[in-house]
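**Q** Structure file data.cif (mmCIF, C-alpha atoms) is given on the next line.
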data_start
#
loop_
_atom_site.label_atom_id
_atom_site.label_comp_id
_atom_site.auth_asym_id
_atom_site.auth_seq_id
_atom_site.Cartn_x
_atom_site.Cartn_y
_atom_site.Cartn_z
CA MET A 1 -175.51 -15.33 180.84
CA SER A 2 -175.17 -19.05 181.08
CA GLY A 3 -178.25 -19.34 178.93
CA THR A 4 -176.58 -17.24 176.27
CA LEU A 5 -173.47 -19.32 176.48
CA GLY A 6 -175.54 -22.45 176.27
CA ARG A 7 -177.12 -21.12 173.16
CA ALA A 8 -173.75 -20.32 171.68
CA ALA A 9 -172.58 -23.75 172.69
CA ALA A 10 -175.36 -25.18 170.61
CA ALA A 11 -173.07 -23.85 167.94
CA LEU A 12 -175.67 -23.83 165.27
CA LEU A 13 -175.30 -21.58 162.37
CA ARG A 14 -178.20 -21.00 160.10
CA TRP A 15 -176.85 -18.64 157.61
CA GLY A 16 -178.40 -16.75 154.83
CA ARG A 17 -181.82 -18.34 155.27
CA GLY A 18 -183.94 -16.81 152.58
CA ALA A 19 -181.13 -14.58 151.47
CA GLY A 20 -180.42 -14.14 147.80
CA GLY A 21 -177.40 -15.43 145.98
CA GLY A 22 -175.21 -12.58 147.12
CA GLY A 23 -176.43 -12.61 150.68
CA LEU A 24 -173.80 -14.72 152.31
CA ARG A 25 -173.69 -12.84 155.56
CA GLY A 26 -174.48 -14.86 158.59
CA PRO A 27 -174.03 -14.50 162.30
CA GLY A 28 -170.77 -16.40 162.20
CA VAL A 29 -170.11 -19.87 163.41
CA ARG A 30 -169.45 -20.52 167.03
CA ALA A 31 -168.24 -23.91 168.00
CA ALA A 32 -169.51 -25.64 171.06
CA SER A 33 -167.25 -24.64 173.88
CA SER A 34 -168.70 -26.10 177.03
CA GLY A 35 -167.39 -29.30 178.54
CA GLY A 36 -168.15 -32.48 176.70
CA SER A 37 -168.30 -30.85 173.28
CA GLY A 38 -166.15 -33.67 172.01
CA SER A 39 -168.11 -36.51 173.55
CA ALA A 40 -169.66 -39.10 171.28
CA GLU A 41 -173.13 -38.49 172.75
CA HIS A 42 -172.92 -34.79 172.15
CA LEU A 43 -171.62 -35.24 168.62
CA ASP A 44 -174.22 -37.86 167.82
CA ALA A 45 -176.94 -35.37 168.76
CA LEU A 46 -175.18 -32.63 166.85
CA VAL A 47 -174.93 -34.46 163.54
CA LYS A 48 -178.53 -35.67 163.80
CA LYS A 49 -180.04 -32.32 164.69
CA ASP A 50 -179.91 -30.97 161.15
CA LYS A 51 -180.26 -32.56 157.74
CA VAL A 52 -176.99 -31.12 156.53
CA VAL A 53 -174.15 -30.69 159.00
CA VAL A 54 -170.57 -29.72 158.24
CA PHE A 55 -167.48 -29.40 160.40
CA LEU A 56 -165.10 -26.83 159.00
CA LYS A 57 -161.90 -25.00 159.67
CA GLY A 58 -163.34 -21.51 159.77
CA THR A 59 -166.84 -20.38 158.96
CA PRO A 60 -168.90 -20.54 155.76
CA GLU A 61 -168.29 -16.79 155.42
CA GLN A 62 -164.59 -17.11 156.11
CA PRO A 63 -163.20 -20.60 155.64
CA GLN A 64 -159.65 -20.96 156.93
CA CYS A 65 -158.72 -23.88 154.72
CA GLY A 66 -159.05 -24.55 151.02
CA PHE A 67 -160.74 -27.90 151.54
CA SER A 68 -163.30 -26.42 153.92
CA ASN A 69 -163.90 -23.65 151.41
CA ALA A 70 -164.51 -26.22 148.69
CA VAL A 71 -167.24 -27.84 150.79
CA VAL A 72 -168.88 -24.46 151.36
CA GLN A 73 -168.73 -23.64 147.65
CA ILE A 74 -170.20 -26.97 146.61
CA LEU A 75 -173.14 -26.54 148.98
CA ARG A 76 -173.59 -23.02 147.68
CA LEU A 77 -173.63 -24.23 144.06
CA HIS A 78 -176.45 -26.58 145.01
CA GLY A 79 -178.33 -23.79 146.74
CA VAL A 80 -178.11 -25.47 150.14
CA ARG A 81 -178.39 -22.53 152.50
CA ASP A 82 -179.89 -24.03 155.57
CA TYR A 83 -177.17 -26.12 157.11
CA ALA A 84 -175.37 -26.33 160.40
CA ALA A 85 -171.68 -25.45 160.31
CA TYR A 86 -169.31 -25.91 163.20
CA ASN A 87 -165.89 -24.31 163.32
CA VAL A 88 -163.43 -26.79 164.80
CA LEU A 89 -160.73 -24.13 165.11
CA ASP A 90 -162.78 -22.62 167.93
CA ASP A 91 -162.82 -25.79 169.95
CA PRO A 92 -159.99 -28.34 170.27
CA GLN A 93 -162.34 -30.84 171.95
CA LEU A 94 -164.75 -30.66 169.06
CA ARG A 95 -161.87 -30.89 166.61
CA GLN A 96 -160.56 -34.12 168.07
CA GLY A 97 -163.97 -35.44 169.07
CA ILE A 98 -165.43 -35.35 165.58
CA LYS A 99 -162.41 -37.19 164.19
CA ASP A 100 -162.89 -39.92 166.76
CA TYR A 101 -166.64 -39.99 166.22
CA SER A 102 -166.40 -40.65 162.49
CA ASN A 103 -163.06 -42.43 162.62
CA TRP A 104 -161.90 -39.99 159.97
CA PRO A 105 -158.61 -38.16 160.41
CA THR A 106 -159.27 -34.87 158.65
CA ILE A 107 -161.51 -31.81 158.51
CA PRO A 108 -163.82 -30.90 156.74
CA GLN A 109 -166.45 -33.53 157.43
CA VAL A 110 -169.92 -33.65 155.92
CA TYR A 111 -172.99 -35.35 157.39
CA LEU A 112 -176.28 -35.86 155.58
CA ASN A 113 -179.27 -36.97 157.64
CA GLY A 114 -177.00 -37.84 160.53
CA GLU A 115 -174.79 -40.02 158.41
CA PHE A 116 -171.15 -39.32 157.69
CA VAL A 117 -170.60 -39.04 153.95
CA GLY A 118 -166.96 -37.99 153.80
CA GLY A 119 -164.68 -35.02 153.41
CA CYS A 120 -163.92 -32.62 150.60
CA ASP A 121 -162.76 -35.24 148.09
CA ILE A 122 -165.88 -37.35 148.43
CA LEU A 123 -168.29 -34.40 148.39
CA LEU A 124 -166.57 -33.11 145.25
CA GLN A 125 -166.87 -36.54 143.68
CA MET A 126 -170.58 -36.70 144.60
CA HIS A 127 -171.00 -33.25 143.11
CA GLN A 128 -169.32 -34.29 139.88
CA ASN A 129 -171.11 -37.59 139.38
CA GLY A 130 -174.57 -36.34 140.29
CA ASP A 131 -174.91 -38.31 143.52
CA LEU A 132 -175.15 -35.17 145.61
CA VAL A 133 -178.30 -34.07 143.79
CA GLU A 134 -179.83 -37.47 144.57
CA GLU A 135 -178.75 -37.47 148.20
CA LEU A 136 -180.14 -33.98 148.71
CA LYS A 137 -183.39 -35.06 147.09
CA LYS A 138 -183.69 -37.83 149.69
CA LEU A 139 -183.50 -35.12 152.35
CA GLY A 140 -186.22 -33.11 150.66
CA ILE A 141 -183.74 -30.54 149.37
CA ARG A 142 -183.94 -29.66 145.71
CA SER A 143 -180.53 -28.84 144.29
CA ALA A 144 -180.36 -25.41 142.67
CA LEU A 145 -178.31 -26.99 139.90
CA LEU A 146 -181.45 -28.74 138.64
CA ASP A 147 -183.14 -25.39 138.14
CA GLU A 148 -180.06 -23.85 136.60
CA LYS A 149 -179.86 -26.72 134.16
CA LYS A 150 -183.52 -26.27 133.26
CA ASP A 151 -182.92 -22.59 132.59
CA GLN A 152 -180.05 -23.42 130.30
CA ASP A 153 -182.03 -26.06 128.48
CA SER A 154 -184.90 -23.70 127.83
CA LYS A 155 -182.67 -21.08 126.29
CA MET B 1 -176.52 -35.40 135.02
CA LEU B 2 -174.95 -32.15 135.88
CA SER B 3 -173.65 -29.95 133.19
CA GLY B 4 -169.92 -30.05 132.73
CA GLN B 5 -169.95 -26.30 132.70
CA LEU B 6 -170.84 -26.07 136.36
CA VAL B 7 -168.26 -28.57 137.42
CA GLY B 8 -165.76 -26.71 135.29
CA ARG B 9 -166.61 -23.49 136.99
CA PHE B 10 -165.82 -24.96 140.37
CA PHE B 11 -162.57 -26.39 139.18
CA SER B 12 -161.37 -23.29 137.43
CA MET B 13 -162.11 -21.39 140.60
CA ALA B 14 -160.08 -23.87 142.60
CA GLY B 15 -157.32 -23.96 140.05
CA ARG B 16 -156.90 -20.26 139.51
CA VAL B 17 -155.84 -19.44 143.02
CA CYS B 18 -153.59 -22.46 143.07
CA LEU B 19 -151.17 -21.00 140.58
CA SER B 20 -149.13 -19.51 143.34
CA ARG B 21 -148.49 -22.94 144.76
CA SER B 22 -144.80 -23.37 145.19
CA SER B 23 -143.09 -26.17 143.39
CA ALA B 24 -140.94 -26.90 146.41
CA GLY B 25 -140.89 -30.53 147.27
CA SER B 26 -141.21 -31.76 143.73
CA GLU B 27 -137.51 -32.48 143.38
CA THR B 28 -136.67 -34.08 146.67
CA VAL B 29 -138.49 -36.93 148.30
CA GLY B 30 -138.59 -36.64 152.07
CA PRO B 31 -138.92 -39.48 154.57
CA VAL B 32 -142.65 -39.00 155.10
CA GLU B 33 -143.34 -39.05 151.38
CA ALA B 34 -141.24 -42.17 151.02
CA ALA B 35 -143.11 -43.85 153.88
CA ILE B 36 -146.49 -42.96 152.38
CA ARG B 37 -145.47 -44.46 149.07
CA ALA B 38 -144.09 -47.63 150.60
CA LYS B 39 -147.10 -48.20 152.85
CA LEU B 40 -149.66 -47.65 150.11
CA GLU B 41 -147.77 -49.94 147.78
CA GLN B 42 -147.71 -52.63 150.38
CA ALA B 43 -151.33 -52.25 151.51
CA LEU B 44 -153.10 -51.73 148.20
CA ASN B 45 -150.81 -53.07 145.51
CA PRO B 46 -151.65 -50.11 143.29
CA GLU B 47 -151.40 -50.17 139.52
CA VAL B 48 -150.70 -46.44 139.63
CA LEU B 49 -149.57 -44.43 142.62
CA GLU B 50 -149.11 -40.70 142.16
CA LEU B 51 -148.08 -38.68 145.14
CA ARG B 52 -147.51 -34.96 145.41
CA ASN B 53 -146.18 -33.02 148.34
CA GLU B 54 -148.37 -29.92 148.38
CA SER B 55 -146.91 -28.52 151.58
CA GLY B 56 -145.21 -25.70 149.69
CA GLY B 57 -148.59 -24.01 149.20
CA HIS B 58 -149.30 -23.88 152.91
CA ALA B 59 -148.21 -21.90 155.91
CA VAL B 60 -145.50 -24.32 156.92
CA PRO B 61 -141.69 -24.04 156.72
CA PRO B 62 -139.95 -24.86 153.42
CA GLY B 63 -139.27 -28.54 152.99
CA SER B 64 -142.22 -29.54 155.18
CA GLU B 65 -144.08 -32.79 154.64
CA THR B 66 -147.48 -31.91 155.98
CA HIS B 67 -149.84 -31.67 153.02
CA PHE B 68 -150.11 -34.37 150.37
CA ARG B 69 -152.30 -35.41 147.50
CA VAL B 70 -152.36 -38.99 146.35
CA ALA B 71 -153.97 -40.89 143.50
CA VAL B 72 -154.19 -44.59 144.27
CA VAL B 73 -155.34 -46.83 141.44
CA SER B 74 -156.06 -50.33 142.64
CA SER B 75 -158.32 -53.22 141.76
CA ARG B 76 -158.87 -53.58 145.51
CA PHE B 77 -161.29 -50.67 145.22
CA GLU B 78 -163.66 -52.59 142.95
CA GLY B 79 -167.13 -52.67 144.48
CA LEU B 80 -166.22 -50.35 147.35
CA SER B 81 -167.87 -47.01 148.09
CA PRO B 82 -165.73 -43.86 148.12
CA LEU B 83 -165.94 -43.88 151.91
CA GLN B 84 -164.67 -47.46 152.13
CA ARG B 85 -161.85 -46.71 149.68
CA HIS B 86 -160.71 -43.70 151.62
CA ARG B 87 -160.80 -45.67 154.85
CA LEU B 88 -158.45 -48.24 153.34
CA VAL B 89 -156.00 -45.46 152.48
CA HIS B 90 -156.37 -43.92 155.94
CA ALA B 91 -155.77 -47.29 157.56
CA ALA B 92 -152.57 -47.82 155.60
CA LEU B 93 -151.34 -44.38 156.64
CA SER B 94 -152.70 -44.23 160.18
CA GLU B 95 -149.27 -43.53 161.64
CA GLU B 96 -148.57 -40.64 159.27
CA LEU B 97 -152.06 -39.18 159.71
CA ALA B 98 -151.72 -39.31 163.48
CA GLY B 99 -148.35 -37.62 163.23
CA PRO B 100 -146.74 -35.39 160.63
CA VAL B 101 -149.40 -35.39 157.92
CA HIS B 102 -151.86 -32.58 158.32
CA ALA B 103 -153.84 -32.89 155.10
CA LEU B 104 -154.25 -35.74 152.65
CA ALA B 105 -156.32 -35.37 149.52
CA ILE B 106 -157.23 -38.77 148.11
CA GLN B 107 -158.25 -39.93 144.66
CA ALA B 108 -159.04 -43.60 145.09
CA ARG B 109 -159.85 -45.15 141.72
CA THR B 110 -160.25 -48.50 140.10
CA PRO B 111 -158.05 -49.07 137.04
CA ALA B 112 -161.05 -48.50 134.73
CA GLN B 113 -161.95 -45.24 136.47
CA TRP B 114 -158.38 -44.02 136.24
CA ARG B 115 -158.26 -44.66 132.51
CA GLU B 116 -161.25 -42.36 132.08
CA ASN B 117 -159.37 -39.46 133.64
CA PRO B 118 -155.78 -40.32 134.44
CA GLN B 119 -154.61 -37.26 136.29
CA LEU B 120 -153.73 -36.09 139.73
CA ASP B 121 -155.99 -33.12 140.46
CA THR B 122 -154.92 -29.86 142.01
CA SER B 123 -155.94 -28.99 145.54
CA PRO B 124 -157.68 -25.75 146.41
CA PRO B 125 -155.44 -23.06 147.90
CA CYS B 126 -154.61 -22.84 151.55
CA LEU B 127 -156.59 -20.15 153.32
CA GLY B 128 -154.29 -19.82 156.26
CA GLY B 129 -155.92 -22.15 158.78
CA SER B 130 -152.68 -23.72 159.92
CA LYS B 131 -151.16 -20.32 160.70
CA LYS B 132 -153.47 -20.10 163.65
CA THR B 133 -153.15 -23.65 164.83
CA ARG B 134 -149.83 -24.84 163.59
CA GLY B 135 -148.80 -28.23 164.77
CA THR B 136 -152.24 -29.70 165.36
CA PRO B 137 -153.66 -31.65 162.48
#
Taking this structure as input, can you express it in the form of structure tokens?
**A**
Amino acid sequence: MSGTLGRAAAALLRWGRGAGGGGLRGPGVRAASSGGSGSAEHLDALVKKDKVVVFLKGTPEQPQCGFSNAVVQILRLHGVRDYAAYNVLDDPQLRQGIKDYSNWPTIPQVYLNGEFVGGCDILLQMHQNGDLVEELKKLGIRSALLDEKKDQDSK
Amino acid sequence: MLSGQLVGRFFSMAGRVCLSRSSAGSETVGPVEAAIRAKLEQALNPEVLELRNESGGHAVPPGSETHFRVAVVSSRFEGLSPLQRHRLVHAALSEELAGPVHALAIQARTPAQWRENPQLDTSPPCLGGSKKTRGTP
């Protein structure tokens, strides 16, 4: 039982891996709930464990906030399916801890390669100016928008 | 560069559901809004400062001052990354962000960037998050 809880506490959501565009069903995000989920050490490990990590209000399947939803939609537009999402509404310690960790007062928060990049406004800006495609490339992730653009060009 | 079409698609999606946003708050300026304006003017000496109380679109009582969007246009942002710019705004408003302000959307631009697209964007719609956890930002 504790092993199961520990696993849940790992709070990792890998959703829709290999699923098609419409396949947005995932197991649902579970936030870390054990003690110390808001500690800097824990959070440091959390944001470095996956290339793309987001802290949301709600889950990718069911965001509970428009700004969190925007982050999910931007990642979806770029075809980023394999990312870790943590729902801060499930865990007050995580919710406060991540704000302290990044010295950033709001949720959502986006981390690429362990580095804090910003919230919804900054991700949207990176999406609009093309920086997100470049940042994803550095992580070895090819943005789906590049392929979509190619398709359009070839028509 | 990304095609404008795709960016447009995202925005129209965000905008469409925003139509129901209440216009409450646009007539009266509350104390929090006034404090935000004064503090940003003092800290960043902005050329343009547009501030909108978007609380009416969220699950908070009428007249609330919890959700804001701000466009700050300042030459202080020259040479700074988006992250650094936002941190300057956060620092100026640390008291408000630690207290009554629940959400703050920020457009931090240099004067030249603002001239390219001089408008305060519209935030995506609330999806109900604060209903469950009202009172905790």
**Q** Compile the contact shell of region 113-121 of chain B as a PDB file with C-alpha atoms, in the frame of the given file: residues with an atom at most 8 Å away, counting all atoms listed in the file, same-chain residues fewer than 6 positions apart removed.
**A**
ATOM      1  CA  GLU B  50    -149.110 -40.700 142.160  1.00  0.00           C
ATOM      2  CA  ARG B  69    -152.300 -35.410 147.500  1.00  0.00           C
ATOM      3  CA  VAL B  70    -152.360 -38.990 146.350  1.00  0.00           C
ATOM      4  CA  ALA B  71    -153.970 -40.890 143.500  1.00  0.00           C
ATOM      5  CA  VAL B  73    -155.340 -46.830 141.440  1.00  0.00           C
ATOM      6  CA  GLN B 107    -158.250 -39.930 144.660  1.00  0.00           C
TER       7      GLN B 107
END
**Q** Based on only C-alpha atoms, which of the residues in chain B come within 7 Å of chain A? I want them as a list in words.
**A** Met1, Leu2, Val7, Pro82, Leu83, Leu97, Ala103, Ala105, Ile106, Pro124, Pro125, Cys126, Leu127, Gly128 and Gly129 of chain B
**Q** If I take CA of Pro62 (chain B) and CA of Ser123 (chain B), how far is one from the other in Å, to one decimal?
**A**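 Between CA of Pro62 (chain B) and CA of Ser123 (chain B) the gap is 18.3 Å.
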**Q** One decimal, Å: what's the distance from CA of Ser37 (chain A) over to CA of Val71 (chain A), could you say?
**A** 22.7 Å
**Q** Can you translate the PyMOL selection byres ((chain A and resi 112) around 9) into the concrete residues it hits in this file, as a list in words?
**A**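 What the PyMOL selection byres ((chain A and resi 112) around 9) grabs from the file is Val47, Lys48, Asp50, Lys51, Val52, Val53, Val54, Val110, Tyr111, Asn113, Gly114, Glu115, Phe116, Val117, Glu135, Leu136 and Leu139 of chain A.
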**Q** Suppose we keep C-alpha atoms; can you now write the selection as a PDB file, in the frame of the given file?
**A**
ATOM      1  CA  VAL A  47    -174.930 -34.460 163.540  1.00  0.00           C
ATOM      2  CA  LYS A  48    -178.530 -35.670 163.800  1.00  0.00           C
ATOM      3  CA  ASP A  50    -179.910 -30.970 161.150  1.00  0.00           C
ATOM      4  CA  LYS A  51    -180.260 -32.560 157.740  1.00  0.00           C
ATOM      5  CA  VAL A  52    -176.990 -31.120 156.530  1.00  0.00           C
ATOM      6  CA  VAL A  53    -174.150 -30.690 159.000  1.00  0.00           C
ATOM      7  CA  VAL A  54    -170.570 -29.720 158.240  1.00  0.00           C
ATOM      8  CA  VAL A 110    -169.920 -33.650 155.920  1.00  0.00           C
ATOM      9  CA  TYR A 111    -172.990 -35.350 157.390  1.00  0.00           C
ATOM     10  CA  ASN A 113    -179.270 -36.970 157.640  1.00  0.00           C
ATOM     11  CA  GLY A 114    -177.000 -37.840 160.530  1.00  0.00           C
ATOM     12  CA  GLU A 115    -174.790 -40.020 158.410  1.00  0.00           C
ATOM     13  CA  PHE A 116    -171.150 -39.320 157.690  1.00  0.00           C
ATOM     14  CA  VAL A 117    -170.600 -39.040 153.950  1.00  0.00           C
ATOM     15  CA  GLU A 135    -178.750 -37.470 148.200  1.00  0.00           C
ATOM     16  CA  LEU A 136    -180.140 -33.980 148.710  1.00  0.00           C
ATOM     17  CA  LEU A 139    -183.500 -35.120 152.350  1.00  0.00           C
TER      18      LEU A 139
END
**Q** Could you jot down the CA of Asp100 (chain A) to CA of Ser64 (chain B) separation for me, Å, one decimal place?
**A** 25.9 Å
**Q** Could you give me, as a VMD selection string, the residues within 8 Å of Ala43 (chain B), counting all atoms listed in the file and dropping anything in the same chain fewer than 3 positions from it?
**A** chain B and resid 39 to 40 92
**Q** Could you tell me which of A:Glu134, A:Glu61, A:Asp90, A:Asp44 comes closest to Arg76 (chain A) if we count all atoms listed in the file?
**A**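 Closest to Arg76 (chain A), using all atoms listed in the file: A:Glu61.
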**Q** Can you list, as a PyMOL selection string, the residues that the PyMOL selection byres ((chain B and resi 67) around 9) selects here?
**A** chain B and resi 52-58+64-66+68-69+101-105
